[in-house]
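Participant: Here it is: the structure, laid out below.
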Amino acid sequence: MINKRLLIKNLLAHNDESSFYDKKRQLNLHTKEGKAKFLKHICALSNSNPSNNSYIVVGVEDQDNEIVGDDFFDDSRIQNLVNAYLENPPKIQYENVPFPNLSKDKVVGLVTIKPKNKTSRFKKNIHTILANSVFVRIGSNTMPTEDKIPYSKQNIETVISIENGSHNSIAHTLDGVVDFIYNRHKDMTSKYNVFKELFVICWAGVPKKIRDVTYLSRVDIELINEQVKLFYSALDVVSISYNEQSFTIVEYVPLGLNDKTSYYPLEQLTIHFFDNGYYKMENKMLFEPPAYNKKMLHHIYNSNISLIHKMQKGMVLSERDDKDLENLPSTLMICYLNGFDNAKQKLVEAKPLLKAQKSPTVYLSFKEAMRILRKMKYDSETK
């Protein structure tokens, strides 16, 4: 079993970016340009590594390899984005890896691109990339090509050596459990459970009782063996259940127009553990958006647009405006889910304004709303 934190360290220690791995300060999948850049690198790394895994490390400074981290990114349907734009898409996996020097809300992202011996190419246009475009990795550069890509084994031994040097140990597992419970989460209730005498999951959260139902908020859940963060949220709440073979997380989102006391199930993640040291993760989208009166939503939508215009003009916001601003992302999301097609774009365009606000809750609310909308979009593409 590979310890993903060790793997990232070993990748970064291997000279600089190469034809089997890339590093990024952050990913931006909110825009067409950001998606295009991400897909281009996936395409190039896949084509240049038909016989071994290739990787993208997210949350690292390009110049000096400083690990600065990025936001927790839990979009299990990122594979659907790759499938939507690439012909012969490789299988990819995005994992969130905590590091000791980072705050609890920051991780290093690890994108693993599985080997595939067929050439990946774009099957439709996105941003400035045209359909039928093919990319390869030459050293640390991603380049377009029109030539037939020759079969290559050049990176096999190097990648296997790096992966073999990143295997987990009992010491790493025990250190991980102690660090999770007694260092990083000493201020809240923490638990752990062992599955199949091999896998260790730790979780921590604050019990929160709402309408006779107990949830966990400020939740952090990790698969210690691989040093992978399975779930993290400063806002949302979850319920947890498990038996000898599986561990299930159900995530809920608080939504409402005047308050956020109604909790809607968003997604269910179940991890199945097997005796042979293998595990499988299954995601199921549960979200059914609440429906509201259209006349009332028109008033709320117009009020939100007016508030965005005030910020764009640099006007001083009233105390009521500040309160409405914290709810703006979730109410625009509700408008979008109820047929206001422009609401999502208005929310995306307001990102820099929301990020600049003094209250951190405003931008956190934006990221949560975009995460839900992204999950729903990718989920609908699979149906």
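By order of appearance in the structure tokens: chains A, B, ..., then residues from 1 within every chain, and ligands from 1 in the order shown.
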Write out as a PyMOL selection string which residues come within 9 Å of Met285 of chain A when counting only C-alpha atoms, dropping same-chain ones fewer than 2 positions away.

Facilitator: chain A and resi 265-269+283+287+375-376+379

Participant: Could the residues of segment 173-199 of chain A that have an atom at most 12 Å from segment 241-250 of chain A be listed as a tab-separated table, each with its closest atom pair and the distance in Å to one decimal, counting only C-alpha atoms and ordered by chain and ascending residue number?

Facilitator:
```
residue	atom	partner	partner_atom	distance
A:Tyr192	CA	A:Tyr242	CA	11.2
A:Asn193	CA	A:Tyr242	CA	9.1
A:Val194	CA	A:Glu244	CA	8.6
A:Phe195	CA	A:Glu244	CA	6.2
A:Lys196	CA	A:Gln245	CA	7.3
A:Glu197	CA	A:Glu244	CA	10.0
A:Leu198	CA	A:Gln245	CA	11.6
A:Phe199	CA	A:Gln245	CA	10.5
```

Participant: Let's have the selection written as a PDB file, in the first residue's frame, with N, CA, C and O atoms.

Facilitator:
```pdb
ATOM      1  N   TYR A 192     -11.226   6.106  15.830  1.00  0.00           N
ATOM      2  CA  TYR A 192     -10.605   5.345  14.736  1.00  0.00           C
ATOM      3  C   TYR A 192     -11.209   3.951  14.707  1.00  0.00           C
ATOM      4  O   TYR A 192     -11.774   3.474  15.698  1.00  0.00           O
ATOM      5  N   ASN A 193     -11.098   3.298  13.563  1.00  0.00           N
ATOM      6  CA  ASN A 193     -11.541   1.911  13.448  1.00  0.00           C
ATOM      7  C   ASN A 193     -10.642   1.183  12.454  1.00  0.00           C
ATOM      8  O   ASN A 193     -10.176   1.779  11.472  1.00  0.00           O
ATOM      9  N   VAL A 194     -10.393  -0.090  12.735  1.00  0.00           N
ATOM     10  CA  VAL A 194      -9.554  -0.922  11.874  1.00  0.00           C
ATOM     11  C   VAL A 194     -10.452  -1.874  11.087  1.00  0.00           C
ATOM     12  O   VAL A 194     -11.322  -2.526  11.660  1.00  0.00           O
ATOM     13  N   PHE A 195     -10.227  -1.928   9.784  1.00  0.00           N
ATOM     14  CA  PHE A 195     -11.006  -2.795   8.900  1.00  0.00           C
ATOM     15  C   PHE A 195     -10.090  -3.863   8.305  1.00  0.00           C
ATOM     16  O   PHE A 195      -8.996  -3.564   7.810  1.00  0.00           O
ATOM     17  N   LYS A 196     -10.571  -5.119   8.336  1.00  0.00           N
ATOM     18  CA  LYS A 196      -9.845  -6.251   7.747  1.00  0.00           C
ATOM     19  C   LYS A 196      -8.414  -6.373   8.283  1.00  0.00           C
ATOM     20  O   LYS A 196      -7.522  -6.823   7.581  1.00  0.00           O
ATOM     21  N   GLU A 197      -8.200  -5.941   9.532  1.00  0.00           N
ATOM     22  CA  GLU A 197      -6.899  -6.016  10.195  1.00  0.00           C
ATOM     23  C   GLU A 197      -5.796  -5.279   9.438  1.00  0.00           C
ATOM     24  O   GLU A 197      -4.609  -5.536   9.631  1.00  0.00           O
ATOM     25  N   LEU A 198      -6.182  -4.353   8.571  1.00  0.00           N
ATOM     26  CA  LEU A 198      -5.196  -3.685   7.723  1.00  0.00           C
ATOM     27  C   LEU A 198      -5.450  -2.199   7.561  1.00  0.00           C
ATOM     28  O   LEU A 198      -4.530  -1.388   7.653  1.00  0.00           O
ATOM     29  N   PHE A 199      -6.700  -1.821   7.304  1.00  0.00           N
ATOM     30  CA  PHE A 199      -7.028  -0.429   6.994  1.00  0.00           C
ATOM     31  C   PHE A 199      -7.443   0.310   8.262  1.00  0.00           C
ATOM     32  O   PHE A 199      -8.242  -0.194   9.051  1.00  0.00           O
TER      33      PHE A 199
END
```

Participant: Between atom CA of Ser217 of chain A and atom CA of Val237 of chain A, what distance in Å does the model show, to one decimal?

Facilitator: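 Computed distance, atom CA of Ser217 of chain A to atom CA of Val237 of chain A, equals 4.5 Å.
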
Participant: Which residue gives the smallest distance to Ile67 of chain A among A:Pro100, A:Pro90, A:Pro50, A:Gly205, with only C-alpha atoms counted?

Facilitator: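 Of the candidates, the smallest distance to Ile67 of chain A is held by A:Pro100.
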
Participant: Using only C-alpha atoms, which residues sit within 12 Å of Ser140 of chain A once same-chain residues fewer than 5 positions away are excluded, as a list in words?

Facilitator: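 The contact residues come out as Asn15, Asp16, Glu17, Ser18, Ser19, Phe20, Tyr21, Asp22, Lys23, His41, Ala44, Leu45, Ser48, Ile56 and Asp62 of chain A.
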
Participant: For Ala84 of chain A, which residue out of A:Asn52, A:Val97, A:Ile221, A:Lys123 is the nearest one, using only C-alpha atoms?

Facilitator: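 With only C-alpha atoms as the atom set, the closest residue is A:Lys123.
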
Participant: Hey, what's within 10 Å of Phe72 of chain A if we count only C-alpha atoms and toss same-chain stuff fewer than 3 positions away? As number ranges by chain, please?

Facilitator: A: 69, 75, 95-98, 104-109, 229-233

Participant: Write to file, as a short mmCIF file (atom, residue, chain, number, x, y, z; two decimals), in the first residue's frame, the residues of the selection just made, with N, CA and C atoms.

Facilitator:
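Final file, out.cif:
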```
data_model
loop_
_atom_site.label_atom_id
_atom_site.label_comp_id
_atom_site.auth_asym_id
_atom_site.auth_seq_id
_atom_site.Cartn_x
_atom_site.Cartn_y
_atom_site.Cartn_z
N GLY A 69 0.16 23.99 -0.22
CA GLY A 69 -1.17 23.42 -0.10
C GLY A 69 -2.21 24.13 -0.94
N ASP A 75 -14.12 16.33 -5.43
CA ASP A 75 -14.97 16.01 -6.57
C ASP A 75 -14.59 14.67 -7.17
N GLU A 95 -6.65 12.73 -5.16
CA GLU A 95 -6.62 12.47 -3.73
C GLU A 95 -6.08 13.68 -2.98
N ASN A 96 -6.60 13.90 -1.78
CA ASN A 96 -6.20 15.01 -0.92
C ASN A 96 -5.27 14.49 0.17
N VAL A 97 -4.05 15.02 0.21
CA VAL A 97 -3.02 14.49 1.10
C VAL A 97 -2.62 15.56 2.12
N PRO A 98 -2.87 15.32 3.43
CA PRO A 98 -2.48 16.30 4.45
C PRO A 98 -0.97 16.28 4.70
N LYS A 104 -5.37 22.76 8.85
CA LYS A 104 -6.31 21.64 8.67
C LYS A 104 -7.13 21.75 7.39
N ASP A 105 -7.34 22.98 6.90
CA ASP A 105 -8.16 23.16 5.72
C ASP A 105 -7.36 23.12 4.41
N LYS A 106 -6.05 22.86 4.51
CA LYS A 106 -5.21 22.81 3.32
C LYS A 106 -4.62 21.41 3.14
N VAL A 107 -4.48 20.99 1.90
CA VAL A 107 -3.90 19.69 1.56
C VAL A 107 -3.06 19.85 0.31
N VAL A 108 -2.34 18.81 -0.03
CA VAL A 108 -1.68 18.74 -1.33
C VAL A 108 -2.49 17.77 -2.18
N GLY A 109 -2.88 18.20 -3.37
CA GLY A 109 -3.64 17.35 -4.26
C GLY A 109 -2.73 16.44 -5.07
N LYS A 229 -6.85 12.27 2.86
CA LYS A 229 -8.00 12.88 3.52
C LYS A 229 -9.24 12.56 2.69
N LEU A 230 -10.19 11.85 3.29
CA LEU A 230 -11.40 11.43 2.59
C LEU A 230 -12.45 12.51 2.58
N PHE A 231 -12.49 13.32 3.62
CA PHE A 231 -13.52 14.35 3.72
C PHE A 231 -13.03 15.44 4.65
N TYR A 232 -13.32 16.69 4.28
CA TYR A 232 -13.07 17.82 5.17
C TYR A 232 -14.06 18.92 4.83
N SER A 233 -14.66 19.53 5.85
CA SER A 233 -15.52 20.68 5.61
C SER A 233 -15.63 21.50 6.87
#
```

Participant: So that I can see what lies close to Val82 of chain A, please list as an MDAnalysis selection string the residues with an atom at most 12 Å from it, counting only C-alpha atoms and leaving out residues fewer than 3 positions away in the same chain.

Facilitator: chainID A and resid 29 35:43 46 76:79 85:93 113 120:124 126 378 381

Participant: Got time to write the residues from that selection, N, CA and C atoms, as an mmCIF file, in the first residue's frame?

Facilitator:
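Done, and the output landed in out.cif:
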```cif
data_model
loop_
_atom_site.group_PDB
_atom_site.id
_atom_site.type_symbol
_atom_site.label_atom_id
_atom_site.label_comp_id
_atom_site.auth_asym_id
_atom_site.auth_seq_id
_atom_site.Cartn_x
_atom_site.Cartn_y
_atom_site.Cartn_z
ATOM 1 N N LEU A 29 -10.866 24.860 -11.907
ATOM 2 C CA LEU A 29 -11.829 24.160 -12.756
ATOM 3 C C LEU A 29 -13.164 24.893 -12.825
ATOM 4 N N LYS A 35 -10.104 24.537 -17.051
ATOM 5 C CA LYS A 35 -10.384 23.147 -17.430
ATOM 6 C C LYS A 35 -9.510 22.725 -18.611
ATOM 7 N N ALA A 36 -9.351 23.623 -19.575
ATOM 8 C CA ALA A 36 -8.549 23.302 -20.762
ATOM 9 C C ALA A 36 -7.098 23.017 -20.382
ATOM 10 N N LYS A 37 -6.527 23.819 -19.501
ATOM 11 C CA LYS A 37 -5.143 23.602 -19.072
ATOM 12 C C LYS A 37 -4.989 22.262 -18.365
ATOM 13 N N PHE A 38 -5.946 21.947 -17.498
ATOM 14 C CA PHE A 38 -5.895 20.682 -16.770
ATOM 15 C C PHE A 38 -5.993 19.504 -17.737
ATOM 16 N N LEU A 39 -6.936 19.560 -18.664
ATOM 17 C CA LEU A 39 -7.126 18.472 -19.631
ATOM 18 C C LEU A 39 -5.917 18.314 -20.544
ATOM 19 N N LYS A 40 -5.278 19.423 -20.893
ATOM 20 C CA LYS A 40 -4.092 19.365 -21.754
ATOM 21 C C LYS A 40 -2.976 18.577 -21.068
ATOM 22 N N HIS A 41 -2.780 18.827 -19.769
ATOM 23 C CA HIS A 41 -1.732 18.109 -19.042
ATOM 24 C C HIS A 41 -2.078 16.635 -18.864
ATOM 25 N N ILE A 42 -3.354 16.342 -18.627
ATOM 26 C CA ILE A 42 -3.779 14.937 -18.530
ATOM 27 C C ILE A 42 -3.501 14.214 -19.842
ATOM 28 N N CYS A 43 -3.868 14.850 -20.944
ATOM 29 C CA CYS A 43 -3.662 14.281 -22.274
ATOM 30 C C CYS A 43 -2.179 14.015 -22.525
ATOM 31 N N SER A 46 -0.633 11.249 -20.179
ATOM 32 C CA SER A 46 -1.130 9.927 -20.573
ATOM 33 C C SER A 46 -0.427 9.419 -21.824
ATOM 34 N N SER A 76 -15.296 13.639 -6.754
ATOM 35 C CA SER A 76 -15.009 12.290 -7.239
ATOM 36 C C SER A 76 -15.368 12.123 -8.704
ATOM 37 N N ARG A 77 -16.113 13.074 -9.249
ATOM 38 C CA ARG A 77 -16.552 12.941 -10.647
ATOM 39 C C ARG A 77 -15.674 13.713 -11.626
ATOM 40 N N ILE A 78 -14.481 14.036 -11.204
ATOM 41 C CA ILE A 78 -13.549 14.718 -12.099
ATOM 42 C C ILE A 78 -13.230 13.837 -13.307
ATOM 43 N N GLN A 79 -13.370 12.527 -13.140
ATOM 44 C CA GLN A 79 -13.179 11.598 -14.261
ATOM 45 C C GLN A 79 -14.166 11.903 -15.387
ATOM 46 N N TYR A 85 -14.237 15.276 -22.669
ATOM 47 C CA TYR A 85 -13.451 16.029 -23.662
ATOM 48 C C TYR A 85 -12.380 15.206 -24.365
ATOM 49 N N LEU A 86 -11.980 14.079 -23.801
ATOM 50 C CA LEU A 86 -10.897 13.310 -24.407
ATOM 51 C C LEU A 86 -11.386 12.000 -25.006
ATOM 52 N N GLU A 87 -10.902 11.720 -26.195
ATOM 53 C CA GLU A 87 -11.101 10.404 -26.802
ATOM 54 C C GLU A 87 -9.997 9.493 -26.261
ATOM 55 N N ASN A 88 -10.348 8.248 -25.954
ATOM 56 C CA ASN A 88 -9.438 7.332 -25.247
ATOM 57 C C ASN A 88 -8.944 7.958 -23.945
ATOM 58 N N PRO A 89 -9.858 8.365 -23.078
ATOM 59 C CA PRO A 89 -9.448 9.030 -21.836
ATOM 60 C C PRO A 89 -8.774 8.053 -20.877
ATOM 61 N N PRO A 90 -7.702 8.466 -20.202
ATOM 62 C CA PRO A 90 -7.114 7.605 -19.175
ATOM 63 C C PRO A 90 -7.957 7.648 -17.907
ATOM 64 N N LYS A 91 -7.812 6.647 -17.081
ATOM 65 C CA LYS A 91 -8.448 6.687 -15.770
ATOM 66 C C LYS A 91 -7.591 7.550 -14.852
ATOM 67 N N ILE A 92 -8.244 8.448 -14.116
ATOM 68 C CA ILE A 92 -7.507 9.312 -13.200
ATOM 69 C C ILE A 92 -8.129 9.245 -11.807
ATOM 70 N N GLN A 93 -7.351 9.636 -10.827
ATOM 71 C CA GLN A 93 -7.807 9.663 -9.439
ATOM 72 C C GLN A 93 -7.238 10.907 -8.776
ATOM 73 N N ILE A 113 -2.599 9.417 -12.923
ATOM 74 C CA ILE A 113 -3.081 9.108 -14.269
ATOM 75 C C ILE A 113 -2.630 7.691 -14.599
ATOM 76 N N SER A 120 -4.545 9.507 -26.450
ATOM 77 C CA SER A 120 -5.620 10.395 -26.023
ATOM 78 C C SER A 120 -5.586 11.655 -26.874
ATOM 79 N N ARG A 121 -6.758 12.110 -27.290
ATOM 80 C CA ARG A 121 -6.876 13.340 -28.077
ATOM 81 C C ARG A 121 -8.176 14.036 -27.702
ATOM 82 N N PHE A 122 -8.240 15.327 -27.980
ATOM 83 C CA PHE A 122 -9.459 16.083 -27.696
ATOM 84 C C PHE A 122 -10.521 15.745 -28.738
ATOM 85 N N LYS A 123 -11.717 15.428 -28.263
ATOM 86 C CA LYS A 123 -12.792 15.101 -29.201
ATOM 87 C C LYS A 123 -13.736 16.283 -29.453
ATOM 88 N N LYS A 124 -13.544 17.384 -28.699
ATOM 89 C CA LYS A 124 -14.306 18.612 -28.992
ATOM 90 C C LYS A 124 -13.525 19.812 -28.476
ATOM 91 N N ILE A 126 -12.404 23.191 -26.546
ATOM 92 C CA ILE A 126 -12.551 23.817 -25.235
ATOM 93 C C ILE A 126 -11.526 24.936 -25.135
ATOM 94 N N TYR A 378 -21.432 17.151 -13.107
ATOM 95 C CA TYR A 378 -20.745 15.933 -13.517
ATOM 96 C C TYR A 378 -21.639 14.716 -13.348
ATOM 97 N N GLU A 381 -23.974 14.305 -16.240
ATOM 98 C CA GLU A 381 -23.320 13.879 -17.489
ATOM 99 C C GLU A 381 -23.186 12.364 -17.580
#
```

Participant: Looking at A:Asn155, A:Asn47, A:Glu288, A:Ser54, which one is nearest to Lys118 of chain A, with distances taken over only C-alpha atoms?

Facilitator: A:Asn47

Participant: List the neighbours of Val348 of chain A out to 12 Å using only C-alpha atoms; skip same-chain residues closer than 5 positions along the sequence, and give me the result as JSON, numbers by chain.

Facilitator: {"A": [28, 29, 30, 31, 32, 308, 328, 329, 332, 333, 342, 343, 353, 354, 355, 363, 366, 367, 369, 370, 371, 373, 374]}

Participant: Write the residues of the preceding selection, restricted to N, CA, C and O atoms, as a PDB file, in the first residue's frame.

Facilitator:
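The new file again.pdb reads:
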```
ATOM      1  N   ASN A  28      -7.765  25.425 -11.366  1.00  0.00           N
ATOM      2  CA  ASN A  28      -8.958  26.264 -11.472  1.00  0.00           C
ATOM      3  C   ASN A  28      -9.914  25.587 -12.450  1.00  0.00           C
ATOM      4  O   ASN A  28      -9.759  25.724 -13.666  1.00  0.00           O
ATOM      5  N   LEU A  29     -10.866  24.860 -11.907  1.00  0.00           N
ATOM      6  CA  LEU A  29     -11.829  24.160 -12.756  1.00  0.00           C
ATOM      7  C   LEU A  29     -13.164  24.893 -12.825  1.00  0.00           C
ATOM      8  O   LEU A  29     -14.152  24.326 -13.285  1.00  0.00           O
ATOM      9  N   HIS A  30     -13.181  26.164 -12.380  1.00  0.00           N
ATOM     10  CA  HIS A  30     -14.397  26.972 -12.484  1.00  0.00           C
ATOM     11  C   HIS A  30     -14.561  27.565 -13.887  1.00  0.00           C
ATOM     12  O   HIS A  30     -15.667  27.933 -14.285  1.00  0.00           O
ATOM     13  N   THR A  31     -13.449  27.687 -14.632  1.00  0.00           N
ATOM     14  CA  THR A  31     -13.492  28.365 -15.924  1.00  0.00           C
ATOM     15  C   THR A  31     -13.105  27.413 -17.055  1.00  0.00           C
ATOM     16  O   THR A  31     -12.448  26.385 -16.831  1.00  0.00           O
ATOM     17  N   LYS A  32     -13.485  27.762 -18.274  1.00  0.00           N
ATOM     18  CA  LYS A  32     -13.106  26.967 -19.451  1.00  0.00           C
ATOM     19  C   LYS A  32     -11.596  26.949 -19.627  1.00  0.00           C
ATOM     20  O   LYS A  32     -11.019  25.913 -19.988  1.00  0.00           O
ATOM     21  N   ILE A 308     -24.286  42.646  -5.859  1.00  0.00           N
ATOM     22  CA  ILE A 308     -23.054  42.458  -6.637  1.00  0.00           C
ATOM     23  C   ILE A 308     -22.665  43.767  -7.323  1.00  0.00           C
ATOM     24  O   ILE A 308     -21.481  44.145  -7.341  1.00  0.00           O
ATOM     25  N   LEU A 328     -25.471  35.078  -0.062  1.00  0.00           N
ATOM     26  CA  LEU A 328     -25.561  35.266  -1.515  1.00  0.00           C
ATOM     27  C   LEU A 328     -25.193  34.012  -2.315  1.00  0.00           C
ATOM     28  O   LEU A 328     -25.941  33.635  -3.239  1.00  0.00           O
ATOM     29  N   PRO A 329     -24.076  33.339  -2.034  1.00  0.00           N
ATOM     30  CA  PRO A 329     -23.750  32.150  -2.836  1.00  0.00           C
ATOM     31  C   PRO A 329     -24.816  31.061  -2.778  1.00  0.00           C
ATOM     32  O   PRO A 329     -25.185  30.486  -3.814  1.00  0.00           O
ATOM     33  N   LEU A 332     -28.106  32.289  -4.602  1.00  0.00           N
ATOM     34  CA  LEU A 332     -27.954  32.251  -6.059  1.00  0.00           C
ATOM     35  C   LEU A 332     -27.941  30.807  -6.565  1.00  0.00           C
ATOM     36  O   LEU A 332     -28.456  30.511  -7.643  1.00  0.00           O
ATOM     37  N   MET A 333     -27.361  29.895  -5.782  1.00  0.00           N
ATOM     38  CA  MET A 333     -27.386  28.482  -6.158  1.00  0.00           C
ATOM     39  C   MET A 333     -28.823  27.966  -6.174  1.00  0.00           C
ATOM     40  O   MET A 333     -29.229  27.255  -7.106  1.00  0.00           O
ATOM     41  N   ASN A 342     -28.989  32.136 -15.488  1.00  0.00           N
ATOM     42  CA  ASN A 342     -27.855  33.068 -15.403  1.00  0.00           C
ATOM     43  C   ASN A 342     -27.253  33.160 -14.002  1.00  0.00           C
ATOM     44  O   ASN A 342     -26.184  33.743 -13.825  1.00  0.00           O
ATOM     45  N   ALA A 343     -27.926  32.586 -13.012  1.00  0.00           N
ATOM     46  CA  ALA A 343     -27.492  32.758 -11.625  1.00  0.00           C
ATOM     47  C   ALA A 343     -26.113  32.153 -11.385  1.00  0.00           C
ATOM     48  O   ALA A 343     -25.294  32.726 -10.658  1.00  0.00           O
ATOM     49  N   LEU A 353     -14.806  39.325  -5.957  1.00  0.00           N
ATOM     50  CA  LEU A 353     -15.431  40.243  -5.007  1.00  0.00           C
ATOM     51  C   LEU A 353     -15.707  39.548  -3.685  1.00  0.00           C
ATOM     52  O   LEU A 353     -15.494  40.117  -2.610  1.00  0.00           O
ATOM     53  N   LEU A 354     -16.176  38.308  -3.756  1.00  0.00           N
ATOM     54  CA  LEU A 354     -16.481  37.552  -2.542  1.00  0.00           C
ATOM     55  C   LEU A 354     -15.205  37.157  -1.798  1.00  0.00           C
ATOM     56  O   LEU A 354     -15.155  37.159  -0.570  1.00  0.00           O
ATOM     57  N   LYS A 355     -14.158  36.841  -2.567  1.00  0.00           N
ATOM     58  CA  LYS A 355     -12.882  36.443  -1.955  1.00  0.00           C
ATOM     59  C   LYS A 355     -12.253  37.604  -1.211  1.00  0.00           C
ATOM     60  O   LYS A 355     -11.503  37.406  -0.238  1.00  0.00           O
ATOM     61  N   TYR A 363     -16.490  33.743   1.423  1.00  0.00           N
ATOM     62  CA  TYR A 363     -15.792  32.976   0.382  1.00  0.00           C
ATOM     63  C   TYR A 363     -15.947  31.473   0.602  1.00  0.00           C
ATOM     64  O   TYR A 363     -16.049  30.712  -0.355  1.00  0.00           O
ATOM     65  N   PHE A 366     -19.109  30.570  -0.941  1.00  0.00           N
ATOM     66  CA  PHE A 366     -18.966  30.504  -2.403  1.00  0.00           C
ATOM     67  C   PHE A 366     -18.388  29.154  -2.831  1.00  0.00           C
ATOM     68  O   PHE A 366     -18.896  28.502  -3.755  1.00  0.00           O
ATOM     69  N   LYS A 367     -17.317  28.717  -2.175  1.00  0.00           N
ATOM     70  CA  LYS A 367     -16.667  27.466  -2.557  1.00  0.00           C
ATOM     71  C   LYS A 367     -17.597  26.271  -2.347  1.00  0.00           C
ATOM     72  O   LYS A 367     -17.607  25.337  -3.155  1.00  0.00           O
ATOM     73  N   ALA A 369     -20.920  26.344  -2.482  1.00  0.00           N
ATOM     74  CA  ALA A 369     -21.957  26.392  -3.521  1.00  0.00           C
ATOM     75  C   ALA A 369     -21.418  25.877  -4.858  1.00  0.00           C
ATOM     76  O   ALA A 369     -22.077  25.091  -5.553  1.00  0.00           O
ATOM     77  N   MET A 370     -20.197  26.292  -5.223  1.00  0.00           N
ATOM     78  CA  MET A 370     -19.619  25.854  -6.482  1.00  0.00           C
ATOM     79  C   MET A 370     -19.321  24.355  -6.465  1.00  0.00           C
ATOM     80  O   MET A 370     -19.452  23.665  -7.482  1.00  0.00           O
ATOM     81  N   ARG A 371     -18.938  23.842  -5.317  1.00  0.00           N
ATOM     82  CA  ARG A 371     -18.658  22.410  -5.203  1.00  0.00           C
ATOM     83  C   ARG A 371     -19.921  21.590  -5.448  1.00  0.00           C
ATOM     84  O   ARG A 371     -19.898  20.583  -6.158  1.00  0.00           O
ATOM     85  N   LEU A 373     -22.640  22.569  -7.132  1.00  0.00           N
ATOM     86  CA  LEU A 373     -23.045  22.718  -8.531  1.00  0.00           C
ATOM     87  C   LEU A 373     -22.159  21.887  -9.460  1.00  0.00           C
ATOM     88  O   LEU A 373     -22.641  21.309 -10.436  1.00  0.00           O
ATOM     89  N   ARG A 374     -20.867  21.827  -9.157  1.00  0.00           N
ATOM     90  CA  ARG A 374     -19.947  21.035  -9.975  1.00  0.00           C
ATOM     91  C   ARG A 374     -20.275  19.545  -9.879  1.00  0.00           C
ATOM     92  O   ARG A 374     -20.301  18.824 -10.872  1.00  0.00           O
TER      93      ARG A 374
END
```

Participant: Quick one: distance from atom CA of Gly59 of chain A to atom CA of Phe73 of chain A in Å, one decimal?

Facilitator: 11.5 Å

Participant: Neighbours of Ala356 of chain A within 12 Å (only C-alpha atoms; same-chain residues fewer than 4 positions away dropped), as a VMD selection string?

Facilitator: chain A and resid 311 to 312 314 350 to 352 360 to 364 366

Participant: For atom CA of Asn327 of chain A and atom CA of Leu257 of chain A, quote the distance in Å rounded to one decimal.

Facilitator: 8.0 Å

Participant: Just list the residues in segment 166-317 of chain A DSSP gives alpha helix (DSSP H) on the backbone, as number ranges by chain.

Facilitator: A: 170-178, 294-312

Participant: Nearest to Asn225 of chain A: which of A:Ala13, A:Ile156, A:Leu174, A:Leu297 is it, counting only C-alpha atoms?

Facilitator: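 The shortest atom-to-atom distance to Asn225 of chain A comes from A:Leu174.
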
Participant: Going by DSSP on the backbone, which bits of segment 113-329 of chain A are strand (DSSP E or B)? Write them as number ranges by chain, please.

Facilitator: A: 113, 121-122, 126, 129, 135-138, 141-144, 167, 189-195, 199-210, 213-223, 228-242, 246-255, 262-273, 279-285
